[in-house]
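*Asks:* Provided herewith is a single structure, encoded as structure tokens, for subsequent inquiry.
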Amino acid sequence: MRKVIGTLLAIALVTGVALVANRPGPAGAQGGGTIEATVTFAGAPVVEKLKVNKDTEKCGTEAVIEKVVVGPNKGLANAVVSVPGAKGAAKAMKATVDQHGCKFVPHVTAMTPGELDLKNSDDILHNIHTYSTANPSINKAQPKFKKLMTEKFEKPEFVKLTCDVHSWMLGWVAVMPNPFFGVTDAGGNAKIENVPPGKYTVEAWHETLGKQSKEVEVKAGQSTKVAIEMKK
Amino acid sequence: MNLLRSRFVQAVLVLVVAFVFFRFGIRPPAPWSVLTLYMSIVLLAVLIYVSSDSDSWREFMWPIRSTLVAPDKGLTRLVLLIVVPLLLGYYAYTQAAAKPQAPPELRAVHPAPPASLQFRGKEIQITGLDNPLRRDQAGFKKHVAAGAETYIRNCVYCHGDNLDGKGHFAYGFNPPPANFQDPGTIAMLQEAFLFWRIAKGGPGLPKESTPWNSVMPAWEDRLTEEQIWQVIMYLYDATGQQPRRWETAH
Amino acid sequence: MRSPVLAVLAAVVLGAPALAAAQAGDAKAGKAVYDLKCIGCHGEKGDGKGPAAELLMPQPRDFTTGLYKIRTTANKVPWDQDLFRIITDGMPGTSMPSWAVLPDKDRWNLVAYIKSFAADKFKEAPKKLELPKEVGSSAESIKRGKEMFEAIECHKCHGAEGRADGPSRAELKDEWGHPIPPANLTKRWTFRGGASRTEIATRLAAGVLGTPMPTFIDSVEKPEDIWHLTNFILSLGPESPGYATLVTVTAVSDAIPDDPNADFWKKLTPNNIPLMGQVIVDPRNFDPSVDLVSVRAVYNDKEIAFHLTWDDPTQSTEDPAKKLFADGISLQFPPQPSSGPERPYFLMGDASDAVYLLRWQNGKGVTEATANGPTKIAAIQGAEASGKAAYANGQYRLVMKRPLVSKSETRPTFTPAVFMPVAFQAWDGGAGEGGTKMSLTSWYYLRLEEPQSSRRFVIPPIVAILTLAVMLLVVRVANRRA
């Protein structure tokens with residue numbers, strides 16, 4: 001018995017060390033560089049509005065479906081910027097999506113393969129209905145008393161999240177192959193840190209505008225700016 | 001086997017056997033009215049047989065008479081006097097208390113077709129008419145396939161995917177849609193008859209087919225002459241039935 | 001094995017699991033059957049796009065996705081038996097018929113063939129679905145089921161009383177983007193995957209794939225709630241509609257209430273009439289919304305009244321701007337009872353023979369009309385009919401009244417004990433029905449029962465006594481002769 005516990009402890013220790021070792025440290029600590037990406041879109045924002053006929057105390061009376069969010073200086077929000085070619089182990093971190101105000105918050109969640117916590121802080125029924133091909137798609141009810149569900153997404157893929165009860169609810173889970181990614185903010189900016197030095201293709205993905213990419217060279221301890229313009 | 005020699009037992013036996021045969025031996029089951037008719041005929045025949053000569057008649061009547069008068073049959077008499085009136089009384093009760101049923105609708109299933117009909121303003125001779133598409137032997141497969149498509153887009157709701165009259169709308173209609181798998185339908189009819197029924201539908205039924213409750217549409221409004229002949233070819237091909245031929249003139 | 005039932009029975013008797021009865025089919029042989037029987041709807045490529053597909057609702061299954069609505073597994077892969085059962089029994093409420101007429105072998109071959117359209121999806125093994133321990137039905141269980149029904153908000157789609165009228169109804173789409181209505185839980189004979197306790201519990205636990213219906217096995221408070229919910233759903237409606245062939249009008253001596261929700265009506269036995277889509281005149285209706293109307297009818301010495309109940313998930317009035325029609329229903333009679341068997345064309349009469357319509361439209365109330373065909377309807381002036389409708393939880397209740405006797409030639413007079421033809425038509429405006437796009441019946445019979453008489457108690461004793469008298473007479477005559 002003691003032997004077993006000892007072995008388990010050893011395994012845990014080794015795994016722990018491995019995780020810490022693999023986690024990219026602060027910029028420069030390991031000689032990595034930073035990519036500061038700006039994603040822009042010259043077109044008009046696409047926002048659909050829908051009158052809500054139920055759960056108005058939680059969802060409001062009008063649902064706003066933001067398909068393309070364009071900020072100041074044409075900055076495109078909710079785009080996933082990634083460096084597919086960079087080498088680095090996945091971070092063992094749980095990502096979280098909350099169903100709040102009959103919206104998926106955040107609208108786009110990027111994560112490395114692993115577990116995703118699905119929270120329901122609305123106190124009403126939602127159902128998590130995913131559309132995926134690489135990962136098994138699910139359609140699970142999440143009633144008000146089920147505050148948290150955990151689902152596994154093990155293969156890299158962009159997964160659409162919907163809720164059939166509130167058909168306007170739309171979210172995306174970007175399961176990325178490596179930890180070098182970021183989701184653009186309202187200004188269209190995303191920062192990817194600790195990228196090992198080298199020449200890479202930086203990719204930007206948007207749910208309706210598709211993919212664009214650009215070549216960059218990352219230098220140790222330096223910040224590299226990259227501007228990507230999305231086209232229709 | 002003295003019992004079997006008795007005229008009375010023989011008569012009863014014949015009646016029972018006849019009833020069992022008519023009631024259970026005929027498929028589909030004959031309605032009660034028909035059964036009653038058949039049984040009356042059998043009864044009449046039996047009576048004629050037993051009354052053919054006076055000895056036979058006496059022999060036939062003997063068990064009945066003895067039950068009525070013999071001193072040692074007093075108990076049987078009493079039982080009969082109680083049971084028979086009670087049975088008839090019960091029968092009268094079931095008749096008086098019965099909820100009325102919708103009246104049966106007797107109609108001609110295969111009414112006589114007209115000699116000719118107007119199809120979209122064109123006169124078509126029905127008598128003696130054969131499916132013109134059958135002459136095109138090379139195009140047989142093509143026509144059957146086209147007929148299948150016409151069928152599944154138009155007829156399937158009532159007549160069913162399996163052509164058995166069990167489409168998903170079928171249960172709501174009386175008379176039920178025709179079952180083409182049944183050897184009593186298209187196998188008994190010439191193709192021209194089908195053409196008439198498909199082209200003119202329920203609204204084109206003759207007087208003997210009242211009370212006109214058929215929901216069969218008049219397909220001349222929707223299908224071309226060729227499409228109708230193709231559907232007919234499909235019906236026979238898919239069910240493995242053969243159309244009836246016109247009797248050749250003497 | 002001759003039938004799946006036998007196979008299952010044999011398996012149970014032999015102590016083997018029922019699933020052992022699956023047979024390996026031959027996909028090649030299955031293709032031959034498929035090309036004959038299935039291709040018209042499911043298409044040559046198995047993508048559910050056969051020539052009939054566009055006219056069918058729900059749409060035929062697209063086998064290329066490997067997604068099957070009805071399965072008894074915990075993952076997405078169905079057992080072969082699940083597919084075999086659907087082929088054998090069909091899917092109630094859809095155009096998928098029962099193919100029990102095909103030999104077992106053919107059906108197993110079909111299973112093999114339709115699986116081959118999405119072979120990669122069947123690489124994963126089916127995972128057994130473990131249902132919680134069964135809980136029998138009881139008042140308590142039903143009460144708990146109702147609580148759970150409300151807690152997990154089934155009403156969002158299925159409606160507060162289960163009539164498919166929930167607020168999310170209009171938003172629901174299937175995996176292919178087609179609108180898909182929720183199940184009407186009060187009509188379980190239309191449940192796609194069957195209406196037995198286990199089948200309902202399985203749908204709740206495992207969901208209905210490709211549709212918005214999610215899995216609930218991990219989303220109820222306690223696992224056995226699946227069975228409480230099942231028991232509650234079973235309590236929502238009858239097992240079968242018990243369709244009537246004759247509408248009996250009951251004689252009453254008191255006044256007839258106008259209120260469709262009055263207790264008076266609840267005491268009467270409903271006559272349930274099935275309605276079908278109108279597919280004769282354009283525009284046709286291949287997917288009728290109103291499939292059943294329950295008729296309760298009474299008459300007294302002055303008037304006749306019809307109480308109609310039917311499910312309609314959306315209450316709608318006419319709105320030309322939105323191209324919306326009003327919900328409506330009508331009763332059709334010949335204008336005059338004829339002595340012979342002839343009667344007007346069932347589809348609202350024709351040019352030579354008119355019909356009389358007693359109808360109600362949401363927003364317009366009860367009116368009378370004469371029709372010479374479905375597009376030639378003329379209101380009768382000087383209406384004699386009146387009525388009142390109530391709508392709640394996806395259901396209309398309506399009372400329509402009319403004098404028993406009419407002197408006009410365009411309106412029938414109702415006479416007790418006479419068989420009177422009657423037909424029904426209904427429109428669900430919210431489903432885009434209006435004009436010839438309706439659901440309907442062909443002619444049924446209506447009969448005003450005679451006032452309750454004591455005949456049935458008087459006649460039988462008389463018959464018995466008369467029989468006894470005749471028999472005694474015969475015995476006496478026979479004895480005298482002897």
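Ligands are numbered from 1 in the order shown, residues from 1 within each chain, and chains are lettered A, B, ... in the order they appear in the structure tokens.
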Name the residues in contact with Val70 of chain A at a cut-off of 8 Å, using only C-alpha atoms, excluding same-chain residues fewer than 4 positions from it; report them as a list in words.
*Replies:*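 Surrounding residues, per the criterion: Thr40, Phe41, Ala44, Pro45, Lys74, Gly75, Leu76, Ala77, Ala186, Gly187 and Gly188 of chain A.
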*Asks:* May I ask you to extract the residues of chain B within 6 Å of chain C, using only C-alpha atoms, and to give them as a list in words?
*Replies:*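 Those within range of chain C come out as Leu68, Val69, Pro85, Leu86, Gly89, Ala92, Tyr93, Ala96, Ala97, Ala102, Ile152, Arg153, His168, Phe169, Gly172, Thr210, Pro211 and Pro217 of chain B.
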*Asks:* DSSP on the backbone: what in segment 259-374 of chain C comes out helix (DSSP H, G or I), as a PyMOL selection string?
*Replies:* chain C and resi 263-266+320-322
*Asks:* Export C-alpha atoms of the chosen residues as an mmCIF file, in the first residue's frame?
*Replies:*
```cif
data_model
loop_
_atom_site.group_PDB
_atom_site.id
_atom_site.type_symbol
_atom_site.label_atom_id
_atom_site.label_comp_id
_atom_site.auth_asym_id
_atom_site.auth_seq_id
_atom_site.Cartn_x
_atom_site.Cartn_y
_atom_site.Cartn_z
ATOM 1 C CA ASP C 263 -68.586 22.059 -16.676
ATOM 2 C CA PHE C 264 -71.611 21.126 -18.756
ATOM 3 C CA TRP C 265 -69.319 20.243 -21.684
ATOM 4 C CA LYS C 266 -66.843 18.207 -19.645
ATOM 5 C CA PRO C 320 -52.680 41.104 -44.316
ATOM 6 C CA ALA C 321 -49.494 43.100 -43.648
ATOM 7 C CA LYS C 322 -47.757 40.020 -42.261
#
```
*Asks:* Out of C:Ala378, C:Ala385, C:Leu229, C:Ile114, which residue has the shortest atom-to-atom distance to Met348 of chain C when counting only C-alpha atoms?
*Replies:* C:Ala378
*Asks:* What lies within 12 Å of segment 28-32 of chain B using only C-alpha atoms, ignoring chain neighbours under 5 positions off, as a VMD selection string?
*Replies:* chain B and resid 19 to 23 37 to 39 104 106 182 184
*Asks:* Keeping N, CA and C atoms, export the residues of the selection given above as a PDB file, in the first residue's frame.
*Replies:*
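Resulting contents of selection.pdb:
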```pdb
ATOM      1  N   PHE B  19     -72.582 -22.986 -41.121  1.00  0.00           N
ATOM      2  CA  PHE B  19     -72.360 -21.714 -40.433  1.00  0.00           C
ATOM      3  C   PHE B  19     -70.870 -21.473 -40.185  1.00  0.00           C
ATOM      4  N   VAL B  20     -70.222 -22.508 -39.677  1.00  0.00           N
ATOM      5  CA  VAL B  20     -68.785 -22.366 -39.381  1.00  0.00           C
ATOM      6  C   VAL B  20     -68.037 -22.005 -40.653  1.00  0.00           C
ATOM      7  N   PHE B  21     -68.400 -22.667 -41.761  1.00  0.00           N
ATOM      8  CA  PHE B  21     -67.702 -22.379 -43.013  1.00  0.00           C
ATOM      9  C   PHE B  21     -67.926 -20.932 -43.465  1.00  0.00           C
ATOM     10  N   PHE B  22     -69.199 -20.516 -43.464  1.00  0.00           N
ATOM     11  CA  PHE B  22     -69.482 -19.154 -43.948  1.00  0.00           C
ATOM     12  C   PHE B  22     -68.890 -18.091 -43.034  1.00  0.00           C
ATOM     13  N   ARG B  23     -68.909 -18.387 -41.733  1.00  0.00           N
ATOM     14  CA  ARG B  23     -68.458 -17.371 -40.777  1.00  0.00           C
ATOM     15  C   ARG B  23     -66.941 -17.239 -40.776  1.00  0.00           C
ATOM     16  N   LEU B  37     -78.391 -14.501 -45.264  1.00  0.00           N
ATOM     17  CA  LEU B  37     -78.951 -14.946 -46.544  1.00  0.00           C
ATOM     18  C   LEU B  37     -78.499 -16.373 -46.860  1.00  0.00           C
ATOM     19  N   TYR B  38     -77.181 -16.614 -46.734  1.00  0.00           N
ATOM     20  CA  TYR B  38     -76.627 -17.941 -47.021  1.00  0.00           C
ATOM     21  C   TYR B  38     -77.251 -18.988 -46.114  1.00  0.00           C
ATOM     22  N   MET B  39     -77.373 -18.653 -44.826  1.00  0.00           N
ATOM     23  CA  MET B  39     -77.878 -19.615 -43.864  1.00  0.00           C
ATOM     24  C   MET B  39     -79.342 -19.930 -44.136  1.00  0.00           C
ATOM     25  N   PRO B 104     -74.003   1.657 -43.060  1.00  0.00           N
ATOM     26  CA  PRO B 104     -72.995   1.153 -43.994  1.00  0.00           C
ATOM     27  C   PRO B 104     -73.191   1.808 -45.353  1.00  0.00           C
ATOM     28  N   LEU B 106     -72.902   1.108 -49.000  1.00  0.00           N
ATOM     29  CA  LEU B 106     -72.710   0.136 -50.069  1.00  0.00           C
ATOM     30  C   LEU B 106     -72.500   0.906 -51.353  1.00  0.00           C
ATOM     31  N   ASP B 182     -53.374  -5.597 -53.328  1.00  0.00           N
ATOM     32  CA  ASP B 182     -54.488  -6.524 -53.227  1.00  0.00           C
ATOM     33  C   ASP B 182     -54.827  -7.049 -54.626  1.00  0.00           C
ATOM     34  N   GLY B 184     -57.412  -7.980 -55.704  1.00  0.00           N
ATOM     35  CA  GLY B 184     -58.777  -7.600 -56.078  1.00  0.00           C
ATOM     36  C   GLY B 184     -58.868  -6.198 -56.659  1.00  0.00           C
TER      37      GLY B 184
END
```
*Asks:* For the atom pair atom CA of Glu203 of chain A and atom CA of Ile228 of chain A, what is the interatomic distance in Å to one decimal place?
*Replies:* 8.5 Å
*Asks:* Please report as JSON, numbers by chain which residues of chain A come no farther than 10 Å from chain C, using only C-alpha atoms.
*Replies:* {"A": [52, 53, 54, 55, 124, 125, 126, 127, 128, 129, 131, 136, 137, 138, 139, 140, 141, 142, 143, 144, 145, 146, 149, 162, 163, 164, 165, 166, 167, 168]}
*Asks:* Identify, with DSSP run on backbone atoms, the residues in segment 29-246 of chain B assigned to strand (DSSP E), and express the list as a list in words.
*Replies:*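 The residues of segment 29-246 of chain B classed as strand (DSSP E) are Ser116, Leu117, Gln118, Phe119, Lys122, Glu123, Ile124 and Gln125 of chain B.
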*Asks:* Restricting it to C-alpha atoms, dump the selection as a CSV table (one decimal), in the first residue's frame.
*Replies:*
```csv
chain,number,residue,atom,x,y,z
B,116,SER,CA,-65.0,7.6,-73.7
B,117,LEU,CA,-64.0,10.6,-71.8
B,118,GLN,CA,-62.9,14.2,-72.3
B,119,PHE,CA,-59.3,14.7,-71.1
B,122,LYS,CA,-59.5,15.9,-75.9
B,123,GLU,CA,-61.8,12.9,-76.5
B,124,ILE,CA,-60.3,9.6,-75.4
B,125,GLN,CA,-61.9,6.3,-76.2
```
*Asks:* Would you mind listing what lies within 12 Å of segment 45-47 of chain B as a list in words, with only C-alpha atoms counted and same-chain residues fewer than 2 positions away left out?
*Replies:* Arg7, Phe8, Val9, Gln10, Ala11, Val12, Leu13, Val14, Leu15, Val16, Ala18, Tyr38, Met39, Ser40, Ile41, Val42, Leu43, Tyr49, Val50, Ser51, Ser52, Asp53, Ser56, Trp57, Phe60 and Met61 of chain B
*Asks:* List as a list in words the protein and nucleic acid residues near Lys199 of chain A, meaning an atom at most 10 Å away when only C-alpha atoms are counted, but skip any in the same chain fewer than 3 places from it.
*Replies:*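 Answer for this query is Gly85, Ala86, Pro196, Val202, Glu215, Val216, Glu217, Val218 and Lys219 of chain A.
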